[in-house]
Structures are given as structure tokens and as C-alpha cells.
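*Asks:* Take this structure first; my questions come after.
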Amino acid sequence: MKRQHCAAVEFRKERHLKIYLVPLAFLILLFFWCAFSFRNADAYDLAQGYTYLLFQIPMLNCILMPVMLAVIASRLCDMEIKGGTLKLLYTVQSKHGFYDWKYLHSFFYLLLFSIGEGLAIPFCGKIFGFTEALPAALLLRHVGILLLVGAVVLTVQHFLSLMSANQIIPLLVGLMGSFLGLFSMYFPPAAARLVLWGYFGAFLPFGMDWDKDTRILSFYQVPFPTTIFVLFLVFGILLYLFCRAVFLKKEV
Amino acid sequence: METVIQTTALTKQYHGKNVVTELDLSVPQGSIYGFLGPNGAGKSTTMKMILGLVWPTSGSVAVLGKTVNQKNRLDILKNTGSLIESPAYYGHLSGRENLSLICSLKQVPERQIDEMLQIVRLKDAANKKAGQYSLGMKQRLGLAAALLGHPKVLLLDEPTNGLDPEGIQEMRELICSLPKRYGMTVLVSSHLLSEIDLMATHVGIINRGSLIFQDELSVLHEHSRPRMRLVTTDNGEALRILKQAGLPAAAEQKSIYLNTGKPEVILRAGRLLYAADIGLLRLEEEQKSLEDIFLSLVGRSV
């Protein structure tokens, strides 16, 4: 089958399921969190509004993204498992084609969410009247990191959802990932790097200083951890290939 | 007659144990091939291997004259339709949407959908969600999906499972009509001999992974020809006389069997025994039912 045809088929499969509501709901949640954070913002807060968001949102992503990705992957894969469609699909489509296109379909929603988040940040700036100039390059980096880490977490969720007859397992893994990701921020850096879901917060562009006496919060820019990024990228690719190889071995 | 499906020494092992052993299946073109065997005999595994859903441990499969491998599998399978184990469907989509999706996947025109819905008598429920269908309706939807694109070969694994008697009859009539209507070759599996007997032109019997019979159904029927059971005052001497006269006689337990039902042979046997002063105590006709033949072939109850 041709590429555009494979993609179209995946969209036709999810008709009536309204999967787009999942990333949309998480985006709304994110927006409300931003609105809550800036409800009493003063001039000082508004002067570092974008910096604050680019520091805080990745941490929020640690909590939200694993659950969101688990729900998306589960919704998209469960229809195949429940309907026993693999026996039929594999007679008209290659196994790896099915696996890859299904993954790309889930990735499409991750992309939508990432773009949405990327747009929500300047939107918040406008709404709340940030006086800080929009750091466009850092915003792009933020979206890119969200996509990359999201794609690796999606690899796990996609694999588990396709391998499990009962979707409760991948959903539990997503929920557990959410907690682990959050708590990993309090782990020593070496231990935190072992927690996949914590990587949403591993590439923060800023560090934070909190002065107890003056009660002033200030941020400082941190260099991009290129080595960790490259290692994570390689790990993500290897993980995808491994998961795919295991799935392809599974007989229907 | 050309062979549409040919397996050669097809073997599948799971955990070192043979599930299918050296299977040489031969499905002639235009036939309805009844693949018969008890539950767990290896029917579904064999059908999955034909479709390339499961890869054989050894042996090969040829469909429409081409040996199936990883590269050409999908090209060859374009000419096949299948319904394996249970019907595949998307529960949140209507029957029509399901078929439309299959049309996209098989790349066949959607105008066939109405025809197929008509054939499987699902037209009235076409816009109902497939998840709300009864098992019989799902099965018919699965068959409609398999028929889309008018494939040359149709593989149906226990297609009457879960159907009510009326549904079974409908399905049977439909399957029987396919070779004439579309020139299809149908490989249909079942664990019920009676079902195969009513549908098939050819039959293959599999038991514990091995093919123990394969031929036209009429040949299987020939096994059920009548034979005569004789009990005499001296079975040993009677057998000797009958054999000496060239009659098809054999001893079995405490009886002699004449493996024929021809009146002239029976008459001749009676005369020979009378001439030798051997008293005939019993003369009975025995006819093996297909069920008996099947049981004697598989050697266990089904």
C-alpha cells in the first residue's frame, strides 16, 4: 500500500472515536494550570513569564504526558486487539507496516499536542501580559524536546498496547510513569537519568534560584546537555527497533 | 485439475512439539475443500501458515502456483479472502464502514459493498455498529469482508461457529454457491463431518497435525459401501472355502466379512457354504456411516 493510503486508512479506523479530544483536554488542563499560576502575577513575575513557563511546563509534562500518551496509544491499539483485526490486516498489509503506521498515527496526536503547547505558551504571554520578550529559539527547543521524549515514551506505550490483550496494563504503566517521572526530579541526577518518563524535565533550559530571605525566585540559563541528548536519541531509536522486533515475532 | 493451494511437508513446531507434521495438502481449483479434524488437530495453524500469518518450521506453501515467501506473500494474498477463527471487525464502526475500510485496505472499489451486504444478508443492519451485532451477524460481516474483491481463493476457518441452525444453513448455501457464482476455490475447515459432507467436493482429514485422508468426498463415501457379516457353524472352514473361491472374505473377531454388497457374490457364498455343509447362523448387512469412517480414521471421538 502507498504511504498516504496507509495513513488515510489509520484515520478511517479511528472514525467516531474522537481521539483529538484527548490532547485537547490535556491542553486545556495545561492552560488552566498556567492561568492559575499567573492569577496573582506582579510586574516581576511578568518580566520573567516565559522563563517561568519554560521551566515549569516540562515538569508538568512529566505528569501529563505519560498518561496522555498511554490513553492515545491504548485507544488506537485497543480497536485492533478487541476486534481481532490483525489476522485480517496481515493478509493485506505487512506486519512492520502496520506497526509503523499505527505508531505514526499516535505520533500525529503527540505532534498536535506539542504544537498546541508551543502555541499555548505565547498565547499565555499575550493573555497575561508578559513583559519578557518571547524566547523563540528556546520555545522551539522546548517543542522539539517534548516531541522527542514523547516519541520515546510513546514507543513503550504503543508496544505495550499492541502486546496486551487487556489495556489496563499499558494504562497502569502510563500512570506509573507519570509518578515516576515526577519523583525522578527529586532523585540524584544519575538515578534520575534512569527514569525514562523523567526526561520531559531533563533538558530544562533554565535552573532556578530561590532566595529564602528575600523570597525572590530567579532563573539562570543552563547549557544544553548535548551528550545526554544524543544518548537519549540513540536509546529511543534502539528501543523502537527492539520493541518492533519483539512485536513482529508475535504470531496471531 | 489445477491445484490452487499446495503445501509440501508443512510442519509447525511450538516448544519442540509438532502441531502440524509434514502436511501435504492439495486443494484443486474450483473445489470446496473440506478440511476436517477434531478440535486442536492443527486446522487453524495450517490455514494461518497458508496465509503467512504463522511461519512454518519447515516445508512450503504454494498458492496459485507460487511458493509463498516473505517478499511475495502480500502479492499472492491479494487473490485470497479469509476468515480465520473469529471475524475481524471494528466494533465502533458500522458494518458498512467496516467493509468500506476493508475496501480501502484491499484497494477494491466500494461499489462492491452493497453486493456483499446483499449476499450475506446484512443490508438491513449495514448502518448498525458492528460491536452491537450478534455473533452470527459478525460472522457474516467477516465473510462479506473476505469476499470483497472477489478473491480466487477463500479460506474459511470454522465459518459456522456460533451460528444458529438457520444461519448454518444460510452459510452453507452461500459457500456452496461460491465456486459457480464467482469461480472461487474454497478451503473450509470444520470439526463437524456432517457439515463438510453437505458442502465439500473434496476432503482432507487432519488428526494430531497429520493428514490422514485426502481425496474427493465421493472416495470417502466409497469407504461406507456395505459389507456382509456372516456367522457360521465353522467360521474357519467357511473362510477358507470363500477365499479359495476368490471371494473378498476376511475374518474379524468371531465373524466373517464379505467386503461387498453385490447380490451375486452373496448368493455364491451361500451356495458354497451349503455345498460344504456349513450352517449359516447369521447373515447381516453392515454399512459404515461417514461418522464411523471418520472415527476409525482419527481413532478417537470428535
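FYI, nothing fancy with the C-alpha cells labels: chains A, B, ... in order, residues from 1 per chain, ligands from 1 as they appear.
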Give me, as an MDAnalysis selection string, all polymer residues having an atom no more than 12 Å from Leu148 (chain A), counting only C-alpha atoms and skipping those fewer than 2 positions away in the same chain.
*Replies:* chainID A and resid 65 107 110:111 114 141:146 150:155 196:197 199:200 202:203 229:230 232:237
*Asks:* Generate a file of the selected residues that holds N, CA and C atoms, formatted as a PDB file, in the first residue's frame.
*Replies:*
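Result file part-v2.pdb:
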ATOM      1  N   MET A  65       2.126  13.966  30.270  1.00  0.00           N
ATOM      2  CA  MET A  65       2.416  13.266  29.004  1.00  0.00           C
ATOM      3  C   MET A  65       2.329  11.733  29.097  1.00  0.00           C
ATOM      4  N   PHE A 107       1.677   9.163  16.946  1.00  0.00           N
ATOM      5  CA  PHE A 107       2.637  10.269  16.961  1.00  0.00           C
ATOM      6  C   PHE A 107       1.989  11.556  16.440  1.00  0.00           C
ATOM      7  N   LEU A 110       0.584  13.275  19.246  1.00  0.00           N
ATOM      8  CA  LEU A 110       1.658  13.857  20.053  1.00  0.00           C
ATOM      9  C   LEU A 110       2.126  15.153  19.391  1.00  0.00           C
ATOM     10  N   LEU A 111       2.229  15.116  18.077  1.00  0.00           N
ATOM     11  CA  LEU A 111       2.641  16.309  17.327  1.00  0.00           C
ATOM     12  C   LEU A 111       1.617  17.435  17.519  1.00  0.00           C
ATOM     13  N   SER A 114       2.060  18.811  20.937  1.00  0.00           N
ATOM     14  CA  SER A 114       3.308  19.582  21.058  1.00  0.00           C
ATOM     15  C   SER A 114       3.167  20.947  20.399  1.00  0.00           C
ATOM     16  N   ARG A 141      12.997  24.769  20.945  1.00  0.00           N
ATOM     17  CA  ARG A 141      13.745  23.686  21.589  1.00  0.00           C
ATOM     18  C   ARG A 141      12.812  22.911  22.524  1.00  0.00           C
ATOM     19  N   HIS A 142      11.984  23.653  23.231  1.00  0.00           N
ATOM     20  CA  HIS A 142      11.026  23.044  24.153  1.00  0.00           C
ATOM     21  C   HIS A 142      10.091  22.078  23.401  1.00  0.00           C
ATOM     22  N   VAL A 143       9.573  22.552  22.267  1.00  0.00           N
ATOM     23  CA  VAL A 143       8.652  21.717  21.475  1.00  0.00           C
ATOM     24  C   VAL A 143       9.396  20.478  20.929  1.00  0.00           C
ATOM     25  N   GLY A 144      10.610  20.703  20.488  1.00  0.00           N
ATOM     26  CA  GLY A 144      11.412  19.597  19.955  1.00  0.00           C
ATOM     27  C   GLY A 144      11.685  18.530  21.009  1.00  0.00           C
ATOM     28  N   ILE A 145      12.064  18.987  22.211  1.00  0.00           N
ATOM     29  CA  ILE A 145      12.338  18.039  23.304  1.00  0.00           C
ATOM     30  C   ILE A 145      11.066  17.297  23.685  1.00  0.00           C
ATOM     31  N   LEU A 146       9.961  18.020  23.730  1.00  0.00           N
ATOM     32  CA  LEU A 146       8.673  17.399  24.062  1.00  0.00           C
ATOM     33  C   LEU A 146       8.343  16.311  23.049  1.00  0.00           C
ATOM     34  N   GLY A 150       8.466  12.528  24.120  1.00  0.00           N
ATOM     35  CA  GLY A 150       7.126  11.965  23.917  1.00  0.00           C
ATOM     36  C   GLY A 150       7.179  10.771  22.977  1.00  0.00           C
ATOM     37  N   ALA A 151       7.975  10.890  21.913  1.00  0.00           N
ATOM     38  CA  ALA A 151       8.076   9.798  20.937  1.00  0.00           C
ATOM     39  C   ALA A 151       8.657   8.540  21.582  1.00  0.00           C
ATOM     40  N   VAL A 152       9.629   8.717  22.476  1.00  0.00           N
ATOM     41  CA  VAL A 152      10.241   7.538  23.121  1.00  0.00           C
ATOM     42  C   VAL A 152       9.254   6.912  24.115  1.00  0.00           C
ATOM     43  N   VAL A 153       8.571   7.758  24.867  1.00  0.00           N
ATOM     44  CA  VAL A 153       7.560   7.224  25.802  1.00  0.00           C
ATOM     45  C   VAL A 153       6.438   6.558  25.001  1.00  0.00           C
ATOM     46  N   LEU A 154       6.085   7.150  23.877  1.00  0.00           N
ATOM     47  CA  LEU A 154       5.045   6.569  23.017  1.00  0.00           C
ATOM     48  C   LEU A 154       5.480   5.205  22.487  1.00  0.00           C
ATOM     49  N   THR A 155       6.767   5.047  22.248  1.00  0.00           N
ATOM     50  CA  THR A 155       7.296   3.754  21.791  1.00  0.00           C
ATOM     51  C   THR A 155       6.923   2.658  22.783  1.00  0.00           C
ATOM     52  N   LEU A 196      12.871   6.858  32.399  1.00  0.00           N
ATOM     53  CA  LEU A 196      12.504   7.340  31.056  1.00  0.00           C
ATOM     54  C   LEU A 196      11.540   8.530  31.112  1.00  0.00           C
ATOM     55  N   TRP A 197      10.522   8.410  31.944  1.00  0.00           N
ATOM     56  CA  TRP A 197       9.455   9.416  31.968  1.00  0.00           C
ATOM     57  C   TRP A 197       9.932  10.754  32.544  1.00  0.00           C
ATOM     58  N   TYR A 199      12.523  12.276  31.581  1.00  0.00           N
ATOM     59  CA  TYR A 199      13.281  13.029  30.578  1.00  0.00           C
ATOM     60  C   TYR A 199      12.529  14.248  30.040  1.00  0.00           C
ATOM     61  N   PHE A 200      11.223  14.291  30.322  1.00  0.00           N
ATOM     62  CA  PHE A 200      10.491  15.505  29.913  1.00  0.00           C
ATOM     63  C   PHE A 200      11.088  16.733  30.612  1.00  0.00           C
ATOM     64  N   ALA A 202      14.364  16.716  31.717  1.00  0.00           N
ATOM     65  CA  ALA A 202      15.825  16.563  31.755  1.00  0.00           C
ATOM     66  C   ALA A 202      16.568  17.591  30.903  1.00  0.00           C
ATOM     67  N   PHE A 203      15.835  18.266  30.055  1.00  0.00           N
ATOM     68  CA  PHE A 203      16.505  19.219  29.154  1.00  0.00           C
ATOM     69  C   PHE A 203      16.035  20.646  29.418  1.00  0.00           C
ATOM     70  N   PHE A 229      21.471  14.233  25.375  1.00  0.00           N
ATOM     71  CA  PHE A 229      20.503  14.305  24.282  1.00  0.00           C
ATOM     72  C   PHE A 229      20.802  13.252  23.219  1.00  0.00           C
ATOM     73  N   VAL A 230      22.077  13.185  22.826  1.00  0.00           N
ATOM     74  CA  VAL A 230      22.459  12.225  21.772  1.00  0.00           C
ATOM     75  C   VAL A 230      22.246  10.793  22.251  1.00  0.00           C
ATOM     76  N   PHE A 232      20.198   9.789  24.510  1.00  0.00           N
ATOM     77  CA  PHE A 232      18.760   9.540  24.627  1.00  0.00           C
ATOM     78  C   PHE A 232      18.146   9.268  23.251  1.00  0.00           C
ATOM     79  N   LEU A 233      18.606  10.022  22.264  1.00  0.00           N
ATOM     80  CA  LEU A 233      18.125   9.842  20.889  1.00  0.00           C
ATOM     81  C   LEU A 233      18.462   8.434  20.388  1.00  0.00           C
ATOM     82  N   VAL A 234      19.699   8.030  20.625  1.00  0.00           N
ATOM     83  CA  VAL A 234      20.139   6.693  20.199  1.00  0.00           C
ATOM     84  C   VAL A 234      19.336   5.624  20.942  1.00  0.00           C
ATOM     85  N   PHE A 235      19.174   5.859  22.246  1.00  0.00           N
ATOM     86  CA  PHE A 235      18.391   4.921  23.063  1.00  0.00           C
ATOM     87  C   PHE A 235      16.970   4.791  22.510  1.00  0.00           C
ATOM     88  N   GLY A 236      16.366   5.930  22.163  1.00  0.00           N
ATOM     89  CA  GLY A 236      14.997   5.936  21.631  1.00  0.00           C
ATOM     90  C   GLY A 236      14.883   5.124  20.359  1.00  0.00           C
ATOM     91  N   ILE A 237      15.849   5.294  19.465  1.00  0.00           N
ATOM     92  CA  ILE A 237      15.816   4.563  18.182  1.00  0.00           C
ATOM     93  C   ILE A 237      15.981   3.058  18.436  1.00  0.00           C
TER      94      ILE A 237
END
*Asks:* Could the residues of chain A within 10 Å of chain B, counting only C-alpha atoms, be given as a PyMOL selection string, please?
*Replies:* chain A and resi 1+5-6+8-10+12-17+78-95+249-252
*Asks:* Using Å and a single decimal, report how far CA of Val188 (chain B) sits from CA of Asn69 (chain B).
*Replies:*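 Pair CA of Asn69 (chain B) / CA of Val188 (chain B) returns 22.8 Å.
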*Asks:* Could you make a table, as JSON lines, of the residues of region 14-111 of chain B that have an atom within 12 Å of an atom of region 192-199 of chain B, each with its nearest atom pair and distance in Å to one decimal, counting only C-alpha atoms, in chain and number order?
*Replies:*
{"residue": "B:Ser31", "atom": "CA", "partner": "B:Met199", "partner_atom": "CA", "distance": 10.1}
{"residue": "B:Ile32", "atom": "CA", "partner": "B:Met199", "partner_atom": "CA", "distance": 7.0}
{"residue": "B:Tyr33", "atom": "CA", "partner": "B:Ile196", "partner_atom": "CA", "distance": 8.5}
{"residue": "B:Gly34", "atom": "CA", "partner": "B:Ile196", "partner_atom": "CA", "distance": 5.5}
{"residue": "B:Phe35", "atom": "CA", "partner": "B:Ile196", "partner_atom": "CA", "distance": 7.9}
{"residue": "B:Leu36", "atom": "CA", "partner": "B:Leu193", "partner_atom": "CA", "distance": 6.9}
{"residue": "B:Gly37", "atom": "CA", "partner": "B:Leu192", "partner_atom": "CA", "distance": 7.8}
{"residue": "B:Pro38", "atom": "CA", "partner": "B:Leu192", "partner_atom": "CA", "distance": 8.1}
{"residue": "B:Asn39", "atom": "CA", "partner": "B:Leu192", "partner_atom": "CA", "distance": 9.8}
*Asks:* Using DSSP on the backbone, list every residue of region 9-190 of chain B that comes out as helix (DSSP H, G or I), and give them as a ChimeraX atom specification.
*Replies:* /B:43-51,73-77,95-106,112-119,123-125,130-132,135-147,165-182
*Asks:* Keeping only C-alpha atoms, take the residues you just selected and write them out as a compact mmCIF listing (two decimals), in the first residue's frame.
*Replies:*
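Result file selection-v1.txt:
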# COMPACT_ATOMS: atom_id res chain seq x y z
CA LYS B 43 -6.52 -26.91 11.15
CA SER B 44 -6.26 -23.24 12.15
CA THR B 45 -2.46 -23.38 12.34
CA THR B 46 -2.35 -24.86 8.84
CA MET B 47 -4.65 -22.17 7.48
CA LYS B 48 -2.61 -19.47 9.18
CA MET B 49 0.54 -20.92 7.60
CA ILE B 50 -1.13 -20.82 4.17
CA LEU B 51 -1.88 -17.13 4.75
CA ARG B 73 3.25 -13.02 0.39
CA LEU B 74 1.09 -9.91 0.11
CA ASP B 75 1.03 -10.01 -3.68
CA ILE B 76 -0.16 -13.61 -3.63
CA LEU B 77 -2.67 -12.93 -0.86
CA GLY B 95 -20.97 -2.83 9.12
CA ARG B 96 -20.83 -0.66 6.03
CA GLU B 97 -17.92 1.39 7.42
CA ASN B 98 -16.08 -1.81 8.25
CA LEU B 99 -16.46 -3.04 4.69
CA SER B 100 -15.51 0.36 3.33
CA LEU B 101 -12.31 0.18 5.37
CA ILE B 102 -11.57 -3.30 4.03
CA CYS B 103 -12.16 -1.97 0.51
CA SER B 104 -9.51 0.66 1.21
CA LEU B 105 -7.11 -1.93 2.58
CA LYS B 106 -7.68 -4.33 -0.30
CA GLN B 112 -18.88 -3.99 -4.14
CA ILE B 113 -20.07 -3.26 -0.61
CA ASP B 114 -23.78 -3.36 -1.41
CA GLU B 115 -23.38 -6.57 -3.35
CA MET B 116 -21.59 -8.23 -0.44
CA LEU B 117 -24.08 -6.94 2.12
CA GLN B 118 -26.81 -8.41 -0.05
CA ILE B 119 -25.04 -11.74 -0.36
CA LYS B 123 -28.17 -4.95 4.22
CA ASP B 124 -30.73 -4.03 6.87
CA ALA B 125 -28.10 -3.87 9.60
CA ALA B 130 -20.54 -3.90 14.32
CA GLY B 131 -19.97 -4.12 18.08
CA GLN B 132 -23.73 -4.43 18.50
CA LEU B 135 -22.12 -13.44 16.67
CA GLY B 136 -23.87 -14.70 13.57
CA MET B 137 -24.01 -11.20 12.09
CA LYS B 138 -20.32 -10.65 12.89
CA GLN B 139 -19.55 -13.94 11.17
CA ARG B 140 -21.49 -12.83 8.10
CA LEU B 141 -19.72 -9.48 8.16
CA GLY B 142 -16.40 -11.35 8.29
CA LEU B 143 -17.46 -13.40 5.28
CA ALA B 144 -18.51 -10.27 3.40
CA ALA B 145 -15.09 -8.79 4.13
CA ALA B 146 -13.42 -11.96 2.87
CA LEU B 147 -15.50 -11.87 -0.32
CA PRO B 165 -29.29 -23.67 12.67
CA GLU B 166 -30.83 -21.25 10.20
CA GLY B 167 -27.58 -19.30 10.00
CA ILE B 168 -25.62 -22.50 9.46
CA GLN B 169 -27.84 -23.45 6.57
CA GLU B 170 -27.57 -19.97 5.05
CA MET B 171 -23.79 -20.01 5.39
CA ARG B 172 -23.61 -23.47 3.87
CA GLU B 173 -25.74 -22.49 0.90
CA LEU B 174 -23.65 -19.40 0.39
CA ILE B 175 -20.36 -21.32 0.49
CA CYS B 176 -21.72 -23.94 -1.91
CA SER B 177 -22.72 -21.22 -4.36
CA LEU B 178 -19.31 -19.51 -4.46
CA PRO B 179 -17.42 -21.75 -6.92
CA LYS B 180 -20.22 -21.47 -9.51
CA ARG B 181 -21.02 -17.83 -8.85
CA TYR B 182 -17.50 -16.40 -8.72
*Asks:* Using only C-alpha atoms, find the one residue out of B:Leu273, B:Leu187, B:Ile256, B:Leu154 that sits nearest to Asn235 (chain B).
*Replies:*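 Among the listed residues, B:Ile256 lies closest to Asn235 (chain B).
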*Asks:* From a DSSP calculation on the backbone, collect every residue of region 131-248 of chain A in strand (DSSP E or B) and output the set as a PyMOL selection string.
*Replies:* chain A and resi 206-211+216-221
*Asks:* Could you list, as a ChimeraX atom specification, every residue within 6 Å of region 176-180 of chain A, counting only C-alpha atoms and ignoring same-chain residues fewer than 3 positions away?
*Replies:* /A:63,66,172-173,183-184,197
*Asks:* Grab the residues selected above and save them as an mmCIF file, in the first residue's frame with C-alpha atoms.
*Replies:*
data_model
loop_
_atom_site.group_PDB
_atom_site.id
_atom_site.type_symbol
_atom_site.label_atom_id
_atom_site.label_comp_id
_atom_site.auth_asym_id
_atom_site.auth_seq_id
_atom_site.Cartn_x
_atom_site.Cartn_y
_atom_site.Cartn_z
ATOM 1 C CA ILE A 63 2.963 14.247 34.922
ATOM 2 C CA PRO A 66 2.820 9.631 30.144
ATOM 3 C CA LEU A 172 -1.132 1.416 34.531
ATOM 4 C CA VAL A 173 2.370 1.735 33.098
ATOM 5 C CA PHE A 183 9.528 11.871 41.604
ATOM 6 C CA SER A 184 12.641 11.379 39.485
ATOM 7 C CA TRP A 197 9.455 9.416 31.968
#
*Asks:* Counting only C-alpha atoms, which of A:Cys77, A:Cys62, A:Arg3, A:Ile127 gets nearest to Gly198 (chain A)?
*Replies:*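 The answer is A:Cys62, which sits nearest to Gly198 (chain A).
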*Asks:* So how many Å separate CA of Arg111 (chain B) and CA of Val186 (chain B), to one decimal?
*Replies:*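 Straight-line distance from CA of Arg111 (chain B) to CA of Val186 (chain B) works out to 23.5 Å.
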*Asks:* Measuring between only C-alpha atoms, which one of A:Phe113, A:Leu104, A:Phe36, A:Pro58 shows the shortest distance to Tyr20 (chain A)?
*Replies:*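 Going through A:Phe113, A:Leu104, A:Phe36, A:Pro58 one by one, the smallest distance to Tyr20 (chain A) is for A:Phe113.
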*Asks:* Please indicate the distance in Å from CA of Ala238 (chain B) to CA of Glu264 (chain B), rounded to one decimal place.
*Replies:*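 Those two atoms sit 17.6 Å apart.
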